[in-house]
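See below for the structure under consideration.
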Amino acid sequence: MGLPPIDIRSMSVADIPAVLQVERASFSAPWKRQAFYNELVHNQFAHYVVVEREKRIIGYSGMWLILDEAHITNIAILPELRGQGIGNYLLDFLMEMACEAGASKMTLEVRVSNDHAQRLYRKKGFAATGVRPGYYTDNQEDALIMWAELGGGSDEQNNEISGAGY
């Protein structure tokens, strides 16, 4: 109600400067420009998308698709736009994209302190399966490993995404 629609599309090298703004605003140990460049240009398993609202990049995500598994490498929405359901839509989009590519399961790591993200992931069917000790380099925080079985997302939610091509 009243919120402009969002668009999700494939990330290009030209998007990296705007993606870096989201990255720096979102993470205490942000990826560098070269990391995104390498993912886009050199990693055959990588699939990255950006979220736009009114032609402005407000979020992004990446995942690796290897055989029947999808691994979310990162997902971020500008802090001032969180709580509007954008991350929820983006995760739905990634899960559907992975299904269409033949993945039957999806995994990710999340900070053990990030309760907000963990709640979203659990809502989408992810379950904690283990811990990676000292995973995050900025403060040596542990990562919770989460997995979900894929299959049939919510068409009602996916239909609300405007221009969700990739």
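Just so we're on the same page: first chain in the structure tokens is A, next is B, and so on; residues restart at 1 for each chain, and ligands are numbered from 1 in the order they show up.
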
**Asked** Hey, what's within 9 Å of Gly87 of chain A if we count only C-alpha atoms and toss same-chain stuff fewer than 3 positions away? As a PyMOL selection string, please?
**Response** chain A and resi 59+75-77+82-84+90-92+120

**Message:** as a list in words, please: every residue in segment 64-142 of chain A that DSSP puts in helix (DSSP H, G or I).
**Reply:**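 Taking segment 64-142 of chain A and keeping helix (DSSP H, G or I) gives Pro79, Glu80, Leu81, Ile86, Gly87, Asn88, Tyr89, Leu90, Leu91, Asp92, Phe93, Leu94, Met95, Glu96, Met97, Ala98, Cys99, Glu100, Asp115, His116, Ala117, Gln118, Arg119, Leu120, Tyr121, Arg122 and Lys123 of chain A.
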
**All residues 10 Å or closer to segment 148-151 of chain A, only C-alpha atoms, same chain fewer than 2 positions away omitted, as a PyMOL selection string** = chain A and resi 68-70+95-96+98-100+102-108+121-122+124-129+146+153-154

**Request:** Find the distance between atom CA of Thr73 of chain A and atom CA of Pro17 of chain A and write it in Å to one decimal.
**Result:**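 Separation between atom CA of Thr73 of chain A and atom CA of Pro17 of chain A: 18.5 Å.
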
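Considering only C-alpha atoms, the residue among A:Trp64, A:Phe45, A:Tyr135, A:Tyr89 positioned nearest to Arg111 of chain A is A:Tyr135.
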
**Request:** Please indicate the distance in Å from atom CA of Pro5 of chain A to atom CA of Tyr37 of chain A, rounded to one decimal place.
**Result:**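 Distance reported for this atom pair: 27.8 Å.
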
**Request:** Can you check which residues of chain A DSSP gives as strand (DSSP E) on the backbone and send them as a PyMOL selection string?
**Result:** chain A and resi 6-10+46-53+56-66+69-77+105-111+127-132+143-149

**Prompt:** A:Gln34, A:Ser61, A:Ser26, A:Gln44: which is nearest Ser10 of chain A, counting only C-alpha atoms?
**Reply:**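 Nearest candidate to Ser10 of chain A out of A:Gln34, A:Ser61, A:Ser26, A:Gln44: A:Ser61.
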